Structure formats: structure tokens, C-alpha cells
Amino acid sequence: MFELAIKGWSLDKDLQIIQADVHMSVEDSLLIEEPLCIDVGLPALLYSALHDSAPNRFAPADQWERMPFFVCGCGDPECRGFSFVVRHLEGEQLELSSVEERTNGTYRELETHVIPALEYRQQLVDIGETYLRFIAELDYRPYFQDTVKVVEELVAQLHLKLRSE
């Protein structure tokens with residue numbers, strides 16, 4: 001069973017990042033349990049529900065699909081992040097691998113889990129919708145200026161995908 005819970009959302013007005021408490025687990029394996037910046041990697045996280053993805057925390061902001069899913073509370077992906085590789089498999093399964101990135105663009109796999117793609121997509125679309133509701137009334141200017149637009153488009157694509165399943 002895959003579980004991703006994000007609670008206690010807040011906007012750091014000075015840094016213009018969204019922070020929250022992140023809990024991510026698969027079966028009996030706890031992958032994340034701490035406060036983190038969630039908006040820097042949110043587009044990449046949502047993208048991974050539809051496409052294979054691999055991180056590069058050193059990529060420029062306009063390569064949003066390559067960001068770590070969750071980064072240090074300071075919002076800088078180069079500081080510290082939780083990086084994952086997602087591969088879509090046959091039979092509506094996906095492989096989620098926690099990885100440690102290296103500066104030369106390679107990574108070392110730490111642990112890998114196979115999970116139902118539907119379960120993953122349902123939880124991610126809920127997180128995307130929560131983000132959009134949360135920022136709706138805020139004076140929010142993310143570093144990657146198209147963050148909100150990209151999240152809106154990916155949430156719409158996820159809804160279409162979920163309706164067809």
C-alpha cells in the first residue's frame with residue numbers, strides 16, 4: 001500500500017515557497033517523515049503519475065519535470081531533497097525507486113517498490129487539488145513562474161486519466 005500525506009501547509013512569504021509535513025510510505029517502509037518544501041517538486045511529482053521520470057536536482061527551474069519531489073525546507077533543490085525514479089510497468093503498476101543523486105547526473109538506487117498506478121494517481125491528484133485550493137487566495141510568486149499553470153494542467157490530465165481507468 002502506497003501512502004502520501006501532506007499536512008500543515010504554510011507559505012513562507014519571504015522565500016515564496018510552500019512548506020508542509022510530508023509522510024510517504026510503501027507497505028512497512030517509511031520513505032519520508034518530516035517538514036519539507038513541497039511546491040518546488042510538485043510539478044515533477046504530478047508528472048510522474050503519467051510518465052516515467054528521473055530526477056536531476058541540479059537542472060534549471062524550467063526543467064521542472066526533473067526536480068526532486070520534495071526538497072529541503074529552504075526550497076533549494078541543491079541543498080537536500082528526496083529524489084525518486086518512477087517507471088510505469090505493464091499491468092497498471094509502477095516502480096517507485098528512492099535514489100541518492102550524484103553531481104555527475106547519475107544516481108544510486110536506495111530502495112524500490114512496485115505499487116498500483118491507480119492508487120498512486122488518486123493520491124497525487126488529491127495533493128495537486130489541495131495545493132491549488134491552498135494557493136488560490138495567497139500572494140504567491142514561486143521561483144518557477146509557471147508552477148501554478150503546470151500544476152493545473154497536470155491535475156487536469158490526471159483527472160482525464162483517472163476517468164478512463
# chains A, B, ... in the order shown; residues from 1 in each chain; ligands from 1

$ select_by_dssp --residues "region 19-138 of chain A" --states "alpha helix (DSSP H)" --output "list in words"
Leu42, Pro43, Ala44, Leu45, Leu46, Tyr47, Ser48, Ala117, Leu118, Glu119, Tyr120, Arg121, Gln122, Gln123, Leu124, Val125, Asp126, Ile127, Gly128, Glu129, Thr130, Tyr131, Leu132, Arg133, Phe134 and Ile135 of chain A

$ residues_around --residues "Ala59 (chain A)" --least-positions-apart "5" --cutoff "10 Å" --atoms "only C-alpha atoms" --output "ChimeraX atom specification"
/A:64-67,77-78,105

$ closest_residue --among "A:His88, A:Arg57, A:Arg133, A:Arg121" --to "Tyr107 (chain A)" --atoms "only C-alpha atoms"
A:Arg57

$ residues_around --residues "region 46-51 of chain A" --least-positions-apart "2" --cutoff "9 Å" --atoms "only C-alpha atoms" --output "VMD selection string"
chain A and resid 41 to 44 53 to 54 65 69 85 to 88 94 117 to 118 120 to 121 124 to 125 127 to 128 151 154 to 155 157 to 158 161

$ closest_residue --among "A:Leu160, A:Phe84, A:Leu4, A:Glu137" --to "His113 (chain A)" --atoms "only C-alpha atoms"
A:Phe84

$ select_by_dssp --residues "chain A" --states "strand (DSSP E or B)" --output "PyMOL selection string"
chain A and resi 2-12+17-26+29-37+53+70-71+81-89+93-101+107-116

$ closest_residue --among "A:Ala136, A:Leu11, A:Val148, A:Ala20" --to "Ile38 (chain A)" --atoms "only C-alpha atoms"
A:Ala20

$ residues_around --residues "Thr106 (chain A)" --least-positions-apart "3" --cutoff "10 Å" --atoms "only C-alpha atoms" --output "count of residues only"
9

$ closest_atom_pairs --of "region 63-114 of chain A" --to "region 23-29 of chain A" --cutoff "12 Å" --atoms "only C-alpha atoms" --output "JSON lines"
{"residue": "A:Phe69", "atom": "CA", "partner": "A:Met24", "partner_atom": "CA", "distance": 11.1}
{"residue": "A:Phe70", "atom": "CA", "partner": "A:Met24", "partner_atom": "CA", "distance": 10.5}
{"residue": "A:Phe82", "atom": "CA", "partner": "A:Met24", "partner_atom": "CA", "distance": 10.5}
{"residue": "A:Phe84", "atom": "CA", "partner": "A:Met24", "partner_atom": "CA", "distance": 11.8}
{"residue": "A:Glu95", "atom": "CA", "partner": "A:Val26", "partner_atom": "CA", "distance": 11.2}
{"residue": "A:Leu96", "atom": "CA", "partner": "A:Val26", "partner_atom": "CA", "distance": 9.3}
{"residue": "A:Ser97", "atom": "CA", "partner": "A:Val26", "partner_atom": "CA", "distance": 10.8}
{"residue": "A:Ser98", "atom": "CA", "partner": "A:Ser25", "partner_atom": "CA", "distance": 11.1}
{"residue": "A:Leu110", "atom": "CA", "partner": "A:Ser29", "partner_atom": "CA", "distance": 11.9}
{"residue": "A:Glu111", "atom": "CA", "partner": "A:Ser29", "partner_atom": "CA", "distance": 9.3}
{"residue": "A:Thr112", "atom": "CA", "partner": "A:Val26", "partner_atom": "CA", "distance": 9.6}
{"residue": "A:His113", "atom": "CA", "partner": "A:Val26", "partner_atom": "CA", "distance": 7.1}
{"residue": "A:Val114", "atom": "CA", "partner": "A:Val26", "partner_atom": "CA", "distance": 8.9}

$ closest_residue --among "A:Lys13, A:Arg108, A:Arg80, A:Arg163" --to "Leu138 (chain A)" --atoms "only C-alpha atoms"
A:Lys13

$ decode --residues "region 82-136 of chain A" --atoms "C-alpha atoms" --output "short mmCIF file (atom, residue, chain, number, x, y, z; two decimals), in the first residue's frame"
data_model
loop_
_atom_site.label_atom_id
_atom_site.label_comp_id
_atom_site.auth_asym_id
_atom_site.auth_seq_id
_atom_site.Cartn_x
_atom_site.Cartn_y
_atom_site.Cartn_z
CA PHE A 82 14.08 13.35 -1.69
CA SER A 83 14.57 12.07 -5.19
CA PHE A 84 12.66 9.27 -6.86
CA VAL A 85 12.71 7.48 -10.18
CA VAL A 86 9.31 6.36 -11.44
CA ARG A 87 8.89 3.73 -14.15
CA HIS A 88 5.49 2.75 -15.46
CA LEU A 89 5.17 -1.01 -15.85
CA GLU A 90 2.75 -3.30 -17.65
CA GLY A 91 -0.47 -4.15 -15.85
CA GLU A 92 -1.11 -0.68 -14.38
CA GLN A 93 1.75 -0.92 -11.92
CA LEU A 94 4.61 1.48 -11.38
CA GLU A 95 8.02 1.15 -9.86
CA LEU A 96 8.95 3.83 -7.34
CA SER A 97 12.67 3.95 -6.52
CA SER A 98 14.16 6.16 -3.85
CA VAL A 99 17.53 7.38 -5.16
CA GLU A 100 20.55 9.31 -3.99
CA GLU A 101 21.65 11.74 -6.67
CA ARG A 102 25.25 12.49 -7.57
CA THR A 103 26.63 15.70 -9.04
CA ASN A 104 27.59 13.96 -12.30
CA GLY A 105 23.94 13.27 -13.17
CA THR A 106 23.88 9.65 -12.04
CA TYR A 107 22.16 8.22 -9.00
CA ARG A 108 22.28 5.26 -6.67
CA GLU A 109 19.04 3.35 -6.03
CA LEU A 110 18.30 3.01 -2.33
CA GLU A 111 15.05 1.05 -2.36
CA THR A 112 12.41 0.14 -4.91
CA HIS A 113 8.72 -0.66 -4.58
CA VAL A 114 6.10 -1.76 -7.11
CA ILE A 115 2.74 -0.12 -6.45
CA PRO A 116 -0.62 0.14 -8.23
CA ALA A 117 -0.61 3.09 -10.62
CA LEU A 118 -4.25 3.88 -9.82
CA GLU A 119 -3.52 4.22 -6.09
CA TYR A 120 -0.56 6.50 -6.86
CA ARG A 121 -2.55 8.70 -9.27
CA GLN A 122 -5.51 9.09 -6.92
CA GLN A 123 -3.35 10.29 -4.06
CA LEU A 124 -1.34 12.64 -6.26
CA VAL A 125 -4.38 14.27 -7.87
CA ASP A 126 -5.74 14.96 -4.36
CA ILE A 127 -2.46 16.63 -3.41
CA GLY A 128 -2.48 18.71 -6.60
CA GLU A 129 -6.03 19.87 -5.89
CA THR A 130 -5.17 20.69 -2.28
CA TYR A 131 -2.23 22.79 -3.46
CA LEU A 132 -4.42 24.72 -5.91
CA ARG A 133 -7.01 25.43 -3.21
CA PHE A 134 -4.30 26.44 -0.75
CA ILE A 135 -2.60 29.00 -3.01
CA ALA A 136 -5.81 30.42 -4.52
#
